[in-house]
Every structure is written in C-alpha cells, then in structure tokens.
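Undergrad: Once you've had a glance at the structure underneath, I'll fire off some questions.
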Amino acid sequence: MADAATRARHLCDFLEVATHTILKERNLYPAEIFSDRRCFGVPVSMARHPDVEAYVKKTLKSVEPLLAAGSVEAVVIAVTDGTHGEPVEKFVFRVDPTGPPPSDAVGGPHDVADAVESTEYSLRALLARLALLDTKLPPVREDAAWRLLLWMRDGYDASQILADPAAARLVDATRDLSASAIKDASLVPVKTVATPLAHFELYVECEGP
C-alpha cells in the first residue's frame, strides 16, 4: 500500500486543482483570470493571478506533512460573505472518513500503475461533479470571499503546527470561522474517493433555501 507521505502528496496535488475548479465554478473571481490546462486527464481551469496561485500552493504545502501524520480530519474551502466574514458555504474534503484506506498492496510497477489509474479515474469523476454543482447550490453573493481551513483530529500533535507559521495561521483562522455556523445549513454530498492513493469524501455545507 502507498505510504502516508505519498498519499498526502497525491491528495494535495488534487486539492490544488479542486480549489481552482471551485473558485472558477462558483464565480469567486472573474473568468478572465483563469486559463485552461489539463490535469488528471481532463481539462481544468486554473487561476493565473500570482497571489491566488501562491496562496493555494503555500497553504497546501503546509497541510501536506499534517496529512501524512494523520493529524487532519478535513481540508475545507470556506466561502464567506464579504460584509461580515460569516461562512455561507463550505466544501469539506474529509480525509479517511471510514477508517484506513483500502488495503490493496501497491508493490510492483503494475500495481503502482493500476493504483494511479484508478485514482485518476476517481478524481476525474469528482472534478466533473464539481463542474455541475452550480445547479445544486444557491448563487454566490457578489461580495463573497474565500479561504482554506483545516479541521484537526482530536489529540493532534500541536508541535507540528507551531513549527510552521503558515500552518499555525491556517488553524487559527479555522478556529475563528468554526465558531460561526451556517444558518439553516443544507448538506450536499458530492463523492467519495477510495483508492490506495486517495481516500476522502467531499460534501458541501451551504445556506438553506
């Protein structure tokens, strides 16, 4: 089976693409700042603005060792209203939602190739569903903002956070926003991915009708 560091790296690679996809599909930035690329065998849109690119990359780089250590319960993309900073939508990527990942061994080169292929197939399906979420979610407000958050598991090693200022800021921001619940929240399940290289479920919490 793939080791924890490999799984964390694959998940962060995907989360980077998923984050840009959500930013585009939820109209959080003008369409003209996005460019078409190809990832996981499908065309995707990635923001070209240097500040957006740097924020996503730097944040997920801080998250990767925490994922590898098993300290993270979920990575969350939180959409907030621009007036009060209250969360109105949360894209929740819950890690290992039902326990350890599938125990399929990843040993020889054929096993690795099969694991990569099955993972990319699942991620392509998830990206396709993200592109259709606008039909299930309420329109985003014109003043909406967003940020990445972390939900940590109970009993996580705090020294890992304190050693990385970027990770510490991420957890502090999560504490602040977690105190604000989404009013009359609805839950929209998206997809569960369970392969030797990736194991997580995605759902969306959003304001009710």
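Residue numbers start at 1 in each chain; chains themselves are named A, B, ... in the order of the structure tokens; ligands are numbered from 1 in the order shown.
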For A:Gly41, please output as a list in words all residues within 8 Å (counting only C-alpha atoms; exclusion window: fewer than 3 positions along the same chain).

TA: Arg38, Glu120 and Arg124 of chain A

Undergrad: Under the rule that only C-alpha atoms are counted, which of A:Thr195, A:Thr6, A:Thr19, A:Ser35 is the nearest residue to A:Ser118?

TA: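 When distances to A:Ser118 are compared using only C-alpha atoms, the smallest one comes from A:Thr195.
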
Undergrad: Here is a test: counting only C-alpha atoms, which residue of A:Asp184, A:Glu73, A:Asp36, A:Glu89 is nearest to A:Met152?

TA: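 So, comparing all the options, the nearest one is A:Glu73.
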
Undergrad: Quick check, in Å to one decimal: how far apart do atom CA of A:Tyr121 and atom CA of A:Val79 lie?

TA: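 Separation of atom CA of A:Tyr121 and atom CA of A:Val79: 27.5 Å.
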
Undergrad: Calculated over only C-alpha atoms, which of the candidates A:Leu127, A:Ala68, A:Val76, A:Val92 has the smallest distance to A:Val17?

TA: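 Of all the options, A:Leu127 lies closest to A:Val17.
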
Undergrad: Measure the distance from atom CA of A:Leu149 to atom CA of A:Asp3 in Å and round it to one decimal.

TA: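 Result for atom CA of A:Leu149 versus atom CA of A:Asp3: 24.4 Å, one decimal.
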
Undergrad: If you count only C-alpha atoms, which residues fall within 12 Å of A:Ser122, apart from same-chain ones fewer than 5 positions away, as a tab-separated table (two decimals) with N, CA and C atoms, in the first residue's frame?

TA:
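Just written: result.tsv:
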chain	number	residue	atom	x	y	z
A	14	PHE	N	-4.28	16.99	-5.90
A	14	PHE	CA	-5.66	17.08	-6.33
A	14	PHE	C	-6.37	18.27	-5.71
A	40	PHE	N	-5.07	15.28	-14.55
A	40	PHE	CA	-5.78	14.01	-14.33
A	40	PHE	C	-6.56	13.58	-15.57
A	41	GLY	N	-6.05	13.97	-16.73
A	41	GLY	CA	-6.66	13.54	-17.98
A	41	GLY	C	-7.89	14.31	-18.40
A	42	VAL	N	-8.20	15.42	-17.71
A	42	VAL	CA	-9.37	16.22	-18.07
A	42	VAL	C	-8.98	17.70	-18.14
A	115	ALA	N	-2.89	1.55	-9.45
A	115	ALA	CA	-3.34	2.45	-8.38
A	115	ALA	C	-3.46	3.88	-8.89
A	116	VAL	N	-2.48	4.31	-9.66
A	116	VAL	CA	-2.52	5.66	-10.22
A	116	VAL	C	-3.70	5.80	-11.17
A	117	GLU	N	-3.91	4.79	-12.01
A	117	GLU	CA	-5.01	4.85	-12.99
A	117	GLU	C	-6.36	4.92	-12.28
A	127	LEU	N	-14.00	15.85	-10.33
A	127	LEU	CA	-13.90	17.15	-10.98
A	127	LEU	C	-15.11	17.43	-11.87
A	128	ALA	N	-15.59	16.38	-12.54
A	128	ALA	CA	-16.78	16.55	-13.38
A	128	ALA	C	-17.99	16.92	-12.53
A	129	ARG	N	-18.11	16.32	-11.35
A	129	ARG	CA	-19.24	16.66	-10.47
A	129	ARG	C	-19.11	18.08	-9.93
A	191	LYS	N	-19.07	13.22	-3.57
A	191	LYS	CA	-18.49	11.94	-3.99
A	191	LYS	C	-17.52	11.45	-2.93
A	192	THR	N	-17.39	10.13	-2.82
A	192	THR	CA	-16.36	9.50	-2.00
A	192	THR	C	-15.33	8.86	-2.93
A	193	VAL	N	-14.06	9.12	-2.67
A	193	VAL	CA	-12.96	8.52	-3.42
A	193	VAL	C	-12.25	7.55	-2.48
A	194	ALA	N	-12.10	6.30	-2.88
A	194	ALA	CA	-11.44	5.29	-2.04
A	194	ALA	C	-10.55	4.42	-2.90
A	195	THR	N	-9.28	4.79	-2.98
A	195	THR	CA	-8.28	4.02	-3.73
A	195	THR	C	-7.03	3.92	-2.85
A	196	PRO	N	-6.05	3.09	-3.23
A	196	PRO	CA	-4.83	3.01	-2.42
A	196	PRO	C	-4.06	4.32	-2.31
A	197	LEU	N	-4.30	5.28	-3.22
A	197	LEU	CA	-3.57	6.54	-3.19
A	197	LEU	C	-4.39	7.72	-2.69
A	198	ALA	N	-5.67	7.55	-2.55
A	198	ALA	CA	-6.52	8.65	-2.09
A	198	ALA	C	-7.77	8.09	-1.43
A	199	HIS	N	-8.08	8.63	-0.26
A	199	HIS	CA	-9.28	8.17	0.45
A	199	HIS	C	-9.89	9.37	1.16
A	200	PHE	N	-10.98	9.89	0.61
A	200	PHE	CA	-11.66	11.03	1.22
A	200	PHE	C	-13.07	11.12	0.66
A	201	GLU	N	-13.90	11.88	1.36
A	201	GLU	CA	-15.24	12.18	0.84
A	201	GLU	C	-15.38	13.70	0.74

Undergrad: For A:His20, work out the shell of residues within 12 Å, counting only C-alpha atoms and skipping chain neighbours fewer than 5 positions away, then give it as an NGL selection string.

TA: :A and (13-15 or 25-29 or 31 or 33-37 or 39 or 44-49 or 52-57 or 77 or 127 or 130-131 or 146-148)

Undergrad: Quote the spacing between atom CA of A:Glu205 and atom CA of A:Arg94 in Å to one decimal place.

TA: 12.5 Å

Undergrad: Given the choices A:Ala4, A:Leu123, A:Leu150, A:Cys12, which gets closest to A:Val72 if the distance is worked out from only C-alpha atoms?

TA: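 The shortest atom-to-atom distance to A:Val72 comes from A:Leu150.
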